[in-house]
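A.B. asks: This is the structure I have questions about; it appears just below.
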Amino acid sequence: MTRILATGTFDILHPGHLYYLEQARKYGSELYVLVARDSKIEHKPKPIVPEKQRLEMVKALKVVDHALLGSEEDIFKPLEEVQPDIIVLGHDQVFDEKKLEEILQKRGFKTKVVRLGNPRQCPLCSSGRIIKRILERKRTEL
């Protein structure tokens with residue numbers, strides 16, 4: 001059995017998230033999804049949807065076998081529980097694959113890191129674009 005780990009914020013679920021998880025699932029037989037903690041998100045605006053609600057939504061997706069929240073202290077802590085064979089990164093995630101593999105090896109993991117190529121193309125395959133559309137619509141209503 002090959003354990004796959006996908007990670008992300010998953011704020012305002014959209015078809016791009018589903019595509020990412022479906023593509024990640026192709027790398028193995030069991031898909032774990034690590035949902036980022038609100039406190040650990042520093043590379044972009046904080047999520048609109050609270051972390052427990054985001055986790056609930058990800059758990060409800062058919063493609064996901066297991067979903068859990070990340071750690072408040074150490075982003076690598078949940079990997080001790082999951083023991084993934086492969087971590088699949090989305091096209092826009094901020095991790096450097098090689099550096100991540102090096103860190104994992106130093107921590108005793110034998111995990112391969114794979115980055116997906118092209119994202120799904122659709123007008124609202126981005127939480128940021130969804131938020132922008134909502135704000136634009138709200139401005140025209142005023």
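Letters A, B, ... mark the chains of the structure tokens in the order given; residue numbers begin at 1 per chain; ligand numbers begin at 1, in order shown.
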Tell me, which residues of region 35-142 of chain A carry DSSP alpha helix (DSSP H), written as a ChimeraX atom specification?
C.D. replies: /A:51-59,77-82,97-106,127-141
A.B. asks: Nearest residue to Leu79 (chain A) out of A:Ser29, A:Thr7, A:Ser127, A:Asn118, using only C-alpha atoms?
C.D. replies: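 Closest to Leu79 (chain A) of all the choices is A:Thr7.
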A.B. asks: From a backbone DSSP assignment, name each residue in chain A labelled strand (DSSP E or B), as a list of chain:residue names.
C.D. replies: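 Across chain A, those assigned strand (DSSP E or B) are A:Arg3, A:Ile4, A:Leu5, A:Ala6, A:Thr7, A:Gly8, A:Glu30, A:Leu31, A:Tyr32, A:Val33, A:Leu34, A:Val35, A:His66, A:Ala67, A:Leu68, A:Leu69, A:Ile86, A:Ile87, A:Val88, A:Leu89, A:Lys112, A:Val113, A:Val114, A:Arg115.
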A.B. asks: At what distance in Å, to one decimal, does CA of Phe10 (chain A) lie from CA of Glu136 (chain A)?
C.D. replies: 22.0 Å
A.B. asks: Which one of A:Gln93, A:Thr140, A:Thr9, A:Thr111 sits closest to Ile48 (chain A) if you count only C-alpha atoms?
C.D. replies: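 For Ile48 (chain A), the nearest of the given residues is A:Thr9.
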A.B. asks: Contacts of Leu124 (chain A) at 9 Å or less, counting only C-alpha atoms, minus same-chain residues fewer than 2 places along, as a count of residues only?
C.D. replies: 11
A.B. asks: As a list in words, please: the residues near Arg54 (chain A) (cut-off 12 Å, only C-alpha atoms, same-chain neighbours under 6 positions excluded).
C.D. replies: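 Residues near the query, excluding close chain neighbours: Gly8, Thr9, Phe10, Asp11, Ile12, Leu13, His14, His17, Val33, Leu34, Val35, Ala36, Arg37, Asp38, Pro47, Ile48, Ala60, Leu61, Ala67, Leu68, Leu69 and Gly70 of chain A.
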A.B. asks: Just want the 12 Å neighbourhood of Phe109 (chain A), counted on only C-alpha atoms, with same-chain residues fewer than 5 positions away dropped. Output as a ChimeraX atom specification.
C.D. replies: /A:76-77,79-87,100-104
A.B. asks: Got time to write the residues from that selection, C-alpha atoms, as a compact mmCIF listing (two decimals), in the first residue's frame?
C.D. replies:
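And here is the file that came out, result_18.txt:
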# COMPACT_ATOMS: atom_id res chain seq x y z
CA PHE A 76 6.55 17.77 10.16
CA LYS A 77 4.93 16.28 13.30
CA LEU A 79 4.13 13.00 9.11
CA GLU A 80 5.24 10.81 12.02
CA GLU A 81 1.66 9.53 12.23
CA VAL A 82 1.01 9.32 8.48
CA GLN A 83 4.42 7.96 7.36
CA PRO A 84 3.81 8.94 3.72
CA ASP A 85 5.64 7.25 0.89
CA ILE A 86 5.08 10.22 -1.41
CA ILE A 87 4.19 13.86 -0.77
CA LEU A 100 11.88 19.36 1.37
CA GLU A 101 13.22 15.89 0.51
CA GLU A 102 16.53 16.76 2.22
CA ILE A 103 14.74 17.89 5.40
CA LEU A 104 12.61 14.75 5.38
A.B. asks: Take CA of Lys52 (chain A) and CA of Val114 (chain A) and report the distance between them in Å, one decimal.
C.D. replies: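 Here the two named atoms are 26.9 Å from each other.
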A.B. asks: List the neighbours of Val63 (chain A) out to 9 Å using only C-alpha atoms; skip same-chain residues closer than 2 positions along the sequence, and give me the result as a PyMOL selection string.
C.D. replies: chain A and resi 18+21-22+25+31+60-61+65
A.B. asks: Could you dump the residues just selected with C-alpha atoms as a short mmCIF file (atom, residue, chain, number, x, y, z; two decimals), in the first residue's frame?
C.D. replies:
data_model
loop_
_atom_site.label_atom_id
_atom_site.label_comp_id
_atom_site.auth_asym_id
_atom_site.auth_seq_id
_atom_site.Cartn_x
_atom_site.Cartn_y
_atom_site.Cartn_z
CA LEU A 18 -10.52 18.60 -6.26
CA LEU A 21 -6.40 15.78 -4.82
CA GLU A 22 -7.51 13.55 -7.70
CA ARG A 25 -4.43 10.09 -5.49
CA LEU A 31 -4.62 9.51 0.23
CA ALA A 60 -16.20 14.85 2.97
CA LEU A 61 -14.50 14.49 -0.42
CA ASP A 65 -9.18 8.55 2.66
#
A.B. asks: List as a PyMOL selection string the protein and nucleic acid residues near Asp92 (chain A), meaning an atom at most 10 Å away when only C-alpha atoms are counted, but skip any in the same chain fewer than 4 places from it.
C.D. replies: chain A and resi 115-119
A.B. asks: Just the selected residues (all heavy atoms), exported as a compact mmCIF listing (two decimals), in the first residue's frame, please.
C.D. replies:
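Final output, result25.txt:
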# COMPACT_ATOMS: atom_id res chain seq x y z
N ARG A 115 6.02 17.16 -7.53
CA ARG A 115 5.23 18.38 -7.79
C ARG A 115 4.39 18.15 -9.03
O ARG A 115 4.87 17.71 -10.06
CB ARG A 115 6.11 19.60 -8.00
CG ARG A 115 5.24 20.85 -8.25
CD ARG A 115 6.00 22.13 -8.28
NE ARG A 115 6.75 22.42 -7.08
CZ ARG A 115 6.24 23.00 -5.98
NH1 ARG A 115 4.98 23.32 -5.92
NH2 ARG A 115 7.03 23.27 -4.96
N LEU A 116 3.10 18.49 -8.90
CA LEU A 116 2.20 18.40 -10.05
C LEU A 116 2.48 19.56 -10.99
O LEU A 116 2.89 20.64 -10.57
CB LEU A 116 0.74 18.45 -9.60
CG LEU A 116 0.26 17.27 -8.76
CD1 LEU A 116 -1.18 17.49 -8.35
CD2 LEU A 116 0.43 15.96 -9.49
N GLY A 117 2.24 19.32 -12.25
CA GLY A 117 2.45 20.35 -13.26
C GLY A 117 1.29 21.31 -13.35
O GLY A 117 0.94 21.97 -12.38
N ASN A 118 0.68 21.36 -14.49
CA ASN A 118 -0.37 22.34 -14.76
C ASN A 118 -1.61 22.15 -13.90
O ASN A 118 -2.08 21.04 -13.73
CB ASN A 118 -0.76 22.27 -16.24
CG ASN A 118 0.39 22.61 -17.15
OD1 ASN A 118 1.23 23.43 -16.80
ND2 ASN A 118 0.45 21.97 -18.29
N PRO A 119 -2.15 23.25 -13.39
CA PRO A 119 -3.39 23.17 -12.62
C PRO A 119 -4.60 23.03 -13.55
O PRO A 119 -4.48 23.23 -14.76
CB PRO A 119 -3.43 24.53 -11.91
CG PRO A 119 -2.75 25.45 -12.86
CD PRO A 119 -1.65 24.62 -13.49
A.B. asks: To one decimal in Å, tell me the separation between CA of His66 (chain A) and CA of Ile131 (chain A).
C.D. replies: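 A separation of 27.7 Å between them.
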